[in-house]
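Note: the block below is start39.cif and it holds mmCIF, C-alpha atoms.
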data_target
loop_
_atom_site.group_PDB
_atom_site.id
_atom_site.type_symbol
_atom_site.label_atom_id
_atom_site.label_comp_id
_atom_site.auth_asym_id
_atom_site.auth_seq_id
_atom_site.Cartn_x
_atom_site.Cartn_y
_atom_site.Cartn_z
ATOM 1 C CA MET O 15 61.379 6.505 -54.489
ATOM 2 C CA ARG O 16 62.778 8.710 -57.245
ATOM 3 C CA ILE O 17 65.458 11.400 -57.579
ATOM 4 C CA ILE O 18 65.070 14.589 -59.623
ATOM 5 C CA ILE O 19 67.900 16.943 -60.608
ATOM 6 C CA LEU O 20 66.852 20.543 -61.242
ATOM 7 C CA PRO O 21 69.387 23.051 -62.645
ATOM 8 C CA LEU O 22 69.097 26.398 -60.852
ATOM 9 C CA SER O 23 71.911 28.126 -62.714
ATOM 10 C CA THR O 24 74.733 27.057 -64.982
ATOM 11 C CA SER O 25 76.787 26.070 -61.911
ATOM 12 C CA SER O 26 74.127 25.111 -59.333
ATOM 13 C CA ARG O 27 71.901 22.040 -59.087
ATOM 14 C CA LEU O 28 69.086 21.148 -56.711
ATOM 15 C CA ILE O 29 68.498 17.448 -56.031
ATOM 16 C CA ILE O 30 65.060 16.409 -54.802
ATOM 17 C CA THR O 31 64.246 12.901 -53.592
ATOM 18 C CA GLN O 32 60.565 11.969 -53.547
ATOM 19 C CA ARG O 33 58.693 9.206 -51.799
ATOM 20 C CA THR O 34 56.550 7.460 -54.407
ATOM 21 C CA ALA O 35 53.281 5.554 -54.034
ATOM 22 C CA SER O 36 55.193 2.268 -54.105
ATOM 23 C CA HIS O 37 57.104 3.291 -50.989
ATOM 24 C CA PRO O 38 54.786 2.004 -48.236
ATOM 25 C CA LEU O 39 57.174 2.162 -45.256
ATOM 26 C CA PRO O 40 55.532 3.852 -42.245
ATOM 27 C CA PRO O 41 57.228 6.980 -40.810
ATOM 28 C CA ARG O 42 59.722 6.474 -38.005
ATOM 29 C CA LEU O 43 59.462 8.028 -34.560
ATOM 30 C CA ASP O 44 61.738 10.958 -35.456
ATOM 31 C CA ASP O 45 59.645 11.655 -38.568
ATOM 32 C CA ARG O 46 56.450 11.666 -36.523
ATOM 33 C CA LEU O 47 58.034 14.003 -33.957
ATOM 34 C CA ALA O 48 59.205 16.310 -36.753
ATOM 35 C CA GLN O 49 55.689 16.390 -38.184
ATOM 36 C CA ARG O 50 54.290 17.200 -34.745
ATOM 37 C CA ALA O 51 56.829 20.009 -34.336
ATOM 38 C CA HIS O 52 55.825 21.375 -37.749
ATOM 39 C CA ILE O 53 52.173 21.519 -36.659
ATOM 40 C CA ILE O 54 53.100 23.373 -33.451
ATOM 41 C CA TRP O 55 55.317 25.776 -35.410
ATOM 42 C CA SER O 56 52.461 26.539 -37.807
ATOM 43 C CA LYS O 57 50.210 27.392 -34.844
ATOM 44 C CA TRP O 58 52.894 29.700 -33.464
ATOM 45 C CA GLU O 59 53.133 31.482 -36.822
ATOM 46 C CA ASN O 60 49.392 32.292 -36.605
ATOM 47 C CA SER O 61 49.537 33.212 -32.921
ATOM 48 C CA THR O 62 48.986 36.731 -31.581
ATOM 49 C CA THR O 63 51.465 36.301 -28.702
ATOM 50 C CA TRP O 64 54.364 38.702 -29.262
ATOM 51 C CA TRP O 65 57.176 36.341 -28.281
ATOM 52 C CA LYS O 66 55.838 33.528 -30.478
ATOM 53 C CA ILE O 67 55.728 35.931 -33.434
ATOM 54 C CA LYS O 68 59.319 36.982 -32.740
ATOM 55 C CA VAL O 69 60.523 33.392 -32.367
ATOM 56 C CA THR O 70 58.875 32.187 -35.581
ATOM 57 C CA LYS O 71 60.176 35.190 -37.514
ATOM 58 C CA TRP O 72 63.718 34.539 -36.295
ATOM 59 C CA GLY O 73 63.343 30.790 -36.814
ATOM 60 C CA ASN O 74 62.087 31.079 -40.397
ATOM 61 C CA ALA O 75 64.982 33.405 -41.220
ATOM 62 C CA ALA O 76 67.396 30.852 -39.740
ATOM 63 C CA MET O 77 65.786 28.050 -41.761
ATOM 64 C CA ASP O 78 66.222 30.045 -44.963
ATOM 65 C CA ARG O 79 69.960 30.308 -44.273
ATOM 66 C CA ILE O 80 70.385 26.528 -44.143
ATOM 67 C CA SER O 81 72.013 25.342 -47.370
ATOM 68 C CA TYR O 82 69.654 23.907 -49.968
ATOM 69 C CA ASP O 83 72.034 20.938 -50.238
ATOM 70 C CA GLU O 84 71.262 20.113 -46.607
ATOM 71 C CA TRP O 85 67.533 20.333 -47.292
ATOM 72 C CA SER O 86 68.046 17.963 -50.233
ATOM 73 C CA LEU O 87 69.811 15.384 -48.071
ATOM 74 C CA LYS O 88 67.296 15.738 -45.240
ATOM 75 C CA GLY O 89 64.506 14.973 -47.687
ATOM 76 C CA VAL O 90 65.911 11.572 -48.688
ATOM 77 C CA PRO O 91 63.353 8.966 -47.506
ATOM 78 C CA ARG O 92 64.159 5.516 -46.203
ATOM 79 C CA PRO O 93 64.973 2.999 -48.943
ATOM 80 C CA PRO O 94 61.993 0.941 -50.128
ATOM 81 C CA ILE O 95 61.869 -2.788 -49.528
ATOM 82 C CA GLY O 96 63.701 -4.575 -52.313
ATOM 83 C CA LEU O 97 66.238 -1.860 -53.134
ATOM 84 C CA PHE O 98 69.173 -3.579 -51.410
ATOM 85 C CA PRO O 99 69.938 -7.263 -50.778
ATOM 86 C CA SER O 100 68.665 -8.675 -47.488
ATOM 87 C CA HIS O 101 70.980 -9.512 -44.619
ATOM 88 C CA PRO O 102 70.949 -12.821 -42.737
ATOM 89 C CA LYS O 103 68.601 -12.997 -39.790
ATOM 90 C CA LYS O 104 70.386 -11.929 -36.592
ATOM 91 C CA TRP O 105 70.013 -13.729 -33.295
ATOM 92 C CA TRP O 106 68.108 -10.813 -31.781
ATOM 93 C CA GLU O 107 65.593 -10.864 -34.649
ATOM 94 C CA PHE O 108 63.919 -14.022 -33.405
ATOM 95 C CA TRP O 109 60.591 -12.237 -33.428
ATOM 96 C CA LYS O 110 60.566 -11.897 -37.243
ATOM 97 C CA GLY O 111 58.509 -14.485 -39.071
ATOM 98 C CA SER O 112 60.399 -16.721 -41.491
ATOM 99 C CA ASP O 113 57.570 -16.570 -44.061
ATOM 100 C CA ASP O 114 57.770 -12.767 -44.204
ATOM 101 C CA LEU O 115 61.521 -12.917 -44.681
ATOM 102 C CA LYS O 116 61.214 -15.423 -47.539
ATOM 103 C CA ASP O 117 58.664 -13.230 -49.300
ATOM 104 C CA ARG O 118 60.944 -10.213 -49.040
ATOM 105 C CA GLU O 119 64.079 -12.077 -50.115
ATOM 106 C CA SER O 120 62.543 -12.708 -53.540
ATOM 107 C CA LEU O 121 62.444 -8.937 -54.126
ATOM 108 C CA MET O 122 65.701 -7.938 -52.457
ATOM 109 C CA GLY O 123 68.153 -6.164 -54.728
ATOM 110 C CA THR O 124 65.832 -6.087 -57.754
ATOM 111 C CA LYS O 125 64.413 -2.562 -57.448
ATOM 112 C CA ARG O 126 65.965 0.541 -58.964
ATOM 113 C CA VAL O 127 65.712 4.275 -58.326
ATOM 114 C CA PRO O 128 64.638 6.496 -61.269
ATOM 115 C CA LEU O 129 66.846 9.563 -61.807
ATOM 116 C CA LEU O 130 64.935 12.277 -63.680
ATOM 117 C CA TYR O 131 66.719 15.208 -65.338
ATOM 118 C CA PRO O 132 66.233 17.667 -68.234
ATOM 119 C CA PRO O 133 68.314 16.048 -71.020
ATOM 120 C CA HIS O 134 69.327 19.209 -72.894
ATOM 121 C CA LEU O 135 70.571 20.920 -69.722
ATOM 122 C CA ILE O 136 72.308 17.986 -68.012
ATOM 123 C CA LYS O 137 74.197 15.129 -69.624
ATOM 124 C CA GLU O 138 73.838 11.534 -68.442
ATOM 125 C CA HIS O 139 77.226 11.281 -66.734
ATOM 126 C CA GLU O 140 76.717 14.709 -65.136
ATOM 127 C CA ALA O 141 73.407 13.585 -63.618
ATOM 128 C CA VAL O 142 74.974 10.639 -61.797
ATOM 129 C CA GLU O 143 78.006 12.710 -60.816
ATOM 130 C CA CYS O 144 75.757 15.382 -59.247
ATOM 131 C CA VAL O 145 74.240 12.782 -56.925
ATOM 132 C CA ARG O 146 77.659 11.329 -56.097
ATOM 133 C CA GLN O 147 79.183 14.723 -55.305
ATOM 134 C CA LEU O 148 76.273 15.714 -53.068
ATOM 135 C CA ALA O 149 76.628 12.473 -51.089
ATOM 136 C CA GLU O 150 80.418 12.511 -50.805
ATOM 137 C CA LYS O 151 80.476 16.163 -49.787
ATOM 138 C CA GLY O 152 77.667 15.748 -47.266
ATOM 139 C CA LEU O 153 79.004 12.706 -45.400
ATOM 140 C CA PRO O 154 81.994 14.294 -43.590
ATOM 141 C CA TYR O 155 80.431 17.763 -43.386
ATOM 142 C CA HIS O 156 77.198 16.807 -41.647
ATOM 143 C CA PHE O 157 78.858 14.236 -39.383
ATOM 144 C CA LYS O 158 81.281 16.921 -38.168
ATOM 145 C CA TYR O 159 78.630 19.543 -37.520
ATOM 146 C CA MET O 160 76.269 17.018 -35.965
ATOM 147 C CA LEU O 161 78.911 16.385 -33.287
ATOM 148 C CA LEU O 162 79.646 20.099 -32.859
ATOM 149 C CA SER O 163 75.948 20.887 -32.431
ATOM 150 C CA LEU O 164 75.658 18.033 -29.936
ATOM 151 C CA VAL O 165 78.535 19.492 -27.919
ATOM 152 C CA GLY O 166 77.105 23.004 -28.120
ATOM 153 C CA ALA O 167 73.584 22.098 -26.962
ATOM 154 C CA PRO O 168 74.477 21.698 -23.222
ATOM 155 C CA LEU O 169 76.226 25.087 -23.280
ATOM 156 C CA THR O 170 72.815 26.751 -23.666
ATOM 157 C CA LEU O 171 71.502 25.364 -20.353
ATOM 158 C CA PRO O 172 72.128 28.652 -18.446
ATOM 159 C CA VAL O 173 69.533 30.287 -20.704
ATOM 160 C CA ALA O 174 66.953 27.854 -19.301
ATOM 161 C CA LEU O 175 67.448 29.422 -15.860
ATOM 162 C CA ILE O 176 65.975 32.720 -17.063
ATOM 163 C CA PRO O 177 62.323 32.802 -15.927
ATOM 164 C CA LEU O 178 59.452 33.084 -18.429
ATOM 165 C CA ILE O 179 61.781 32.706 -21.416
ATOM 166 C CA PRO O 180 62.149 29.305 -23.140
ATOM 167 C CA ASN O 181 65.615 28.058 -24.005
ATOM 168 C CA ILE O 182 65.333 28.954 -27.688
ATOM 169 C CA PRO O 183 69.094 28.584 -28.416
ATOM 170 C CA GLY O 184 69.024 25.118 -26.850
ATOM 171 C CA PHE O 185 66.045 24.034 -28.922
ATOM 172 C CA TYR O 186 67.755 25.372 -32.046
ATOM 173 C CA MET O 187 70.971 23.461 -31.303
ATOM 174 C CA LEU O 188 69.001 20.251 -30.792
ATOM 175 C CA TYR O 189 67.227 20.897 -34.067
ATOM 176 C CA ARG O 190 70.595 21.302 -35.781
ATOM 177 C CA VAL O 191 71.740 17.986 -34.303
ATOM 178 C CA TRP O 192 68.684 16.275 -35.762
ATOM 179 C CA SER O 193 69.013 18.154 -39.068
ATOM 180 C CA HIS O 194 72.664 17.198 -39.583
ATOM 181 C CA TRP O 195 71.902 13.609 -38.590
ATOM 182 C CA LYS O 196 69.089 13.391 -41.152
ATOM 183 C CA ALA O 197 71.333 14.897 -43.830
ATOM 184 C CA TRP O 198 74.140 12.481 -42.915
ATOM 185 C CA GLU O 199 71.728 9.549 -43.213
ATOM 186 C CA GLY O 200 70.527 10.843 -46.574
ATOM 187 C CA ALA O 201 74.101 11.201 -47.823
ATOM 188 C CA LYS O 202 74.893 7.612 -46.803
ATOM 189 C CA LEU O 203 71.863 6.287 -48.671
ATOM 190 C CA LEU O 204 72.560 8.287 -51.837
ATOM 191 C CA LYS O 205 76.184 7.156 -51.876
ATOM 192 C CA ARG O 206 75.132 3.532 -51.531
ATOM 193 C CA ILE O 207 72.599 3.918 -54.329
ATOM 194 C CA VAL O 208 75.267 5.358 -56.646
ATOM 195 C CA ASP O 209 77.996 2.894 -55.621
ATOM 196 C CA GLU O 210 75.724 -0.112 -56.199
ATOM 197 C CA ASN O 211 74.473 1.219 -59.558
ATOM 198 C CA LYS O 212 70.845 1.410 -58.467
ATOM 199 C CA LEU O 213 70.070 4.507 -60.563
ATOM 200 C CA VAL O 214 68.013 4.316 -63.740
ATOM 201 C CA LEU O 215 68.433 7.411 -65.920
ATOM 202 C CA GLU O 216 65.124 8.804 -67.170
ATOM 203 C CA PRO O 217 65.294 12.018 -69.245
ATOM 204 C CA SER O 218 62.248 14.161 -68.460
ATOM 205 C CA HIS O 219 60.994 16.310 -71.313
ATOM 206 C CA ALA O 220 58.060 17.494 -69.173
ATOM 207 C CA ILE O 221 60.519 19.163 -66.796
ATOM 208 C CA GLU O 222 62.639 20.520 -69.634
ATOM 209 C CA ILE O 223 59.667 22.247 -71.263
ATOM 210 C CA VAL O 224 59.281 24.388 -68.134
ATOM 211 C CA TYR O 225 62.874 25.603 -68.438
ATOM 212 C CA HIS O 226 62.339 26.691 -72.044
ATOM 213 C CA SER O 227 59.274 28.767 -71.154
ATOM 214 C CA GLU O 228 61.447 31.772 -70.218
ATOM 215 C CA THR O 229 64.788 33.153 -71.396
ATOM 216 C CA PRO O 230 67.637 32.460 -68.940
ATOM 217 C CA MET O 231 68.747 35.478 -66.906
ATOM 218 C CA ILE O 232 72.437 36.298 -67.410
ATOM 219 C CA VAL O 233 74.282 37.507 -64.343
ATOM 220 C CA ASP O 234 77.929 38.575 -64.476
ATOM 221 C CA ILE O 235 80.106 36.834 -61.891
ATOM 222 C CA PRO O 236 83.872 36.696 -61.322
ATOM 223 C CA ASP O 237 85.939 34.420 -63.573
ATOM 224 C CA SER O 238 83.015 33.979 -65.952
ATOM 225 C CA PRO O 239 83.450 36.013 -69.161
ATOM 226 C CA ASN O 240 80.010 35.105 -70.510
ATOM 227 C CA GLY O 241 78.209 35.539 -67.204
ATOM 228 C CA GLU O 242 76.379 32.915 -65.152
ATOM 229 C CA LYS O 243 72.868 32.095 -66.311
ATOM 230 C CA MET O 244 69.971 31.665 -63.918
ATOM 231 C CA LEU O 245 68.177 28.804 -65.663
ATOM 232 C CA LEU O 246 65.147 28.821 -63.377
ATOM 233 C CA GLN O 247 63.046 31.778 -62.232
ATOM 234 C CA ASP O 248 60.619 32.108 -59.325
ATOM 235 C CA SER O 249 57.771 32.594 -61.807
ATOM 236 C CA GLN O 250 58.396 29.063 -63.144
ATOM 237 C CA VAL O 251 58.369 27.302 -59.772
ATOM 238 C CA ALA O 252 54.626 26.581 -59.628
ATOM 239 C CA THR O 253 54.607 25.192 -63.173
ATOM 240 C CA LEU O 254 57.664 23.067 -62.448
ATOM 241 C CA ALA O 255 56.082 21.681 -59.278
ATOM 242 C CA ASN O 256 53.012 20.685 -61.288
ATOM 243 C CA ALA O 257 55.191 18.971 -63.897
ATOM 244 C CA MET O 258 56.879 17.013 -61.091
ATOM 245 C CA ASP O 259 53.525 16.315 -59.406
ATOM 246 C CA ALA O 260 55.033 17.670 -56.184
ATOM 247 C CA GLU O 261 53.386 20.844 -54.897
ATOM 248 C CA GLU O 262 55.278 20.542 -51.603
ATOM 249 C CA VAL O 263 58.654 21.374 -53.192
ATOM 250 C CA GLN O 264 57.735 24.966 -54.085
ATOM 251 C CA ALA O 265 59.072 26.416 -50.830
ATOM 252 C CA GLU O 266 62.306 24.461 -51.239
ATOM 253 C CA LEU O 267 62.733 25.723 -54.808
ATOM 254 C CA HIS O 268 62.143 29.361 -53.830
ATOM 255 C CA ARG O 269 64.643 28.979 -50.961
ATOM 256 C CA ALA O 270 67.286 27.462 -53.236
ATOM 257 C CA LEU O 271 66.851 30.172 -55.883
ATOM 258 C CA ALA O 272 67.178 32.903 -53.249
ATOM 259 C CA GLN O 273 70.398 31.335 -51.962
ATOM 260 C CA VAL O 274 71.890 31.114 -55.468
ATOM 261 C CA ARG O 275 71.037 34.762 -56.145
ATOM 262 C CA GLY O 276 72.529 35.698 -52.789
ATOM 263 C CA ARG O 277 75.763 33.869 -53.644
ATOM 264 C CA ILE O 278 75.996 35.655 -56.972
ATOM 265 C CA LYS O 279 75.346 39.014 -55.286
ATOM 266 C CA LYS O 280 78.171 38.398 -52.800
ATOM 267 C CA GLU O 281 80.540 37.451 -55.609
ATOM 268 C CA LEU O 282 79.608 40.627 -57.489
ATOM 269 C CA GLU O 283 80.256 42.751 -54.390
ATOM 270 C CA LYS O 284 83.589 41.003 -53.889
ATOM 271 C CA LYS O 285 84.519 41.673 -57.507
ATOM 272 C CA GLU O 286 83.632 45.366 -57.172
ATOM 273 C CA LYS O 287 85.705 45.694 -54.002
ATOM 274 C CA GLU O 288 88.690 44.095 -55.726
ATOM 275 C CA LYS O 289 88.360 46.558 -58.612
ATOM 276 C CA GLU O 290 88.208 49.478 -56.172
ATOM 277 C CA LYS O 291 91.355 48.263 -54.411
ATOM 278 C CA GLU O 292 93.163 47.916 -57.721
ATOM 279 C CA LYS O 293 92.213 51.497 -58.654
ATOM 280 C CA GLU O 294 93.402 52.803 -55.280
ATOM 281 C CA GLU O 295 96.721 51.008 -55.676
ATOM 282 C CA GLU O 296 97.179 52.417 -59.182
ATOM 283 C CA GLU O 297 96.450 55.937 -57.924
ATOM 284 C CA ARG O 298 98.941 55.502 -55.078
ATOM 285 C CA LYS O 299 101.612 54.362 -57.530
ATOM 286 C CA LYS O 300 100.919 57.356 -59.795
ATOM 287 C CA ASN O 301 101.097 59.778 -56.867
ATOM 288 C CA GLY O 302 104.339 58.178 -55.697
ATOM 289 C CA ASP O 303 105.916 58.486 -59.140
ATOM 290 C CA ALA O 304 104.814 62.100 -59.407
ATOM 291 C CA ALA O 305 106.374 62.900 -56.029
#
Could you render the structure from this file as structure tokens?
Amino acid sequence: MRIIILPLSTSSRLIITQRTASHPLPPRLDDRLAQRAHIIWSKWENSTTWWKIKVTKWGNAAMDRISYDEWSLKGVPRPPIGLFPSHPKKWWEFWKGSDDLKDRESLMGTKRVPLLYPPHLIKEHEAVECVRQLAEKGLPYHFKYMLLSLVGAPLTLPVALIPLIPNIPGFYMLYRVWSHWKAWEGAKLLKRIVDENKLVLEPSHAIEIVYHSETPMIVDIPDSPNGEKMLLQDSQVATLANAMDAEEVQAELHRALAQVRGRIKKELEKKEKEKEKEKEEEERKKNGDAA
């Protein structure tokens, strides 16, 4: 297990948690079900049935609107054996062999989690603080919306009464319950890793080289006299994924970059509207003085 911090802009960071080769834990039931759902969804995307095409188009658009911070927390894998100290054997764990427990106890609490980051773009204390902030922000947020999604799921049952149409809103609400629960679990694990000082800082020059391959794009945003810099471009994503040895993160990187650009665009539009209002008020004052 390792954590990688990738600067997207001067004010945005993407945190990716990877399962390494030394992380042999088998997937849980919910992970297997999620993988099965992904396979079915992929078949629907290649289907010629009109309603499946519509559903997948709407669903992919909804997925792209989910915050990249939530995707980061959902991607946190289970902790490897040896990361945290073992707990005493409970009475209901009679089925566990004592020899296996003794072998594991010798490794408990000795492992660490590498934290990779580009050293010239992120300082050491900022790297740890990024992980802490993501965890502390995600814990109450995802717990709250997990409960709200759970309450909202039964309200979609009347849609199931419509013949020949699946209860798409209900399935989406159940997905959001699972998604928030996974993110909440990921936030709990990251917070424990930070609180128990399990991180090992590892500056990555291989990742930093990718950032220096192109000039940062400067985008003017409110309250930023020098403009906000987009430190990563879509054209660099494939190279960055190769440097991380993680081809599967390309979609997540493109999604995060699109969300950051969308945020900046909204802030620019807000700034322009504020300027227009100020001009209108000045003109009104001038007209009133003239009258």
> Between O:Ala149, O:Ile182, O:Val251, O:Val214, which is the closest to Val127 of chain O once you count only C-alpha atoms?
Replying inline: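 Nearest candidate to Val127 of chain O out of O:Ala149, O:Ile182, O:Val251, O:Val214: O:Val214.
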>> My list of candidates is O:Ala174, O:Trp192, O:His156, O:Leu148. Which is closest to Ala48 of chain O when distances are computed with only C-alpha atoms?
In response: O:Trp192
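With the shown file loaded, the PyMOL selection byres ((chain O and resi 71-80) around 9) picks out Glu59, Lys66, Ile67, Lys68, Val69, Thr70, Ser81, Tyr82, Asp83, Glu84, Trp85, Tyr186, Arg269, Ala270, Ala272 and Gln273 of chain O.
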>> Just the number, please: distance in Å from atom CA of Pro217 of chain O to atom CA of Gly276 of chain O, one decimal.
In response: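 Computing it gives 29.7 Å between the two atoms.
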> From the list O:Lys284, O:Thr34, O:Ala51, O:Ser25, which residue is nearest Ala260 of chain O when using only C-alpha atoms?
Replying inline: O:Thr34
>> To one decimal place in Å, what is the distance between atom CA of His226 of chain O and atom CA of Glu262 of chain O?
In response: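 Separation between atom CA of His226 of chain O and atom CA of Glu262 of chain O: 22.5 Å.
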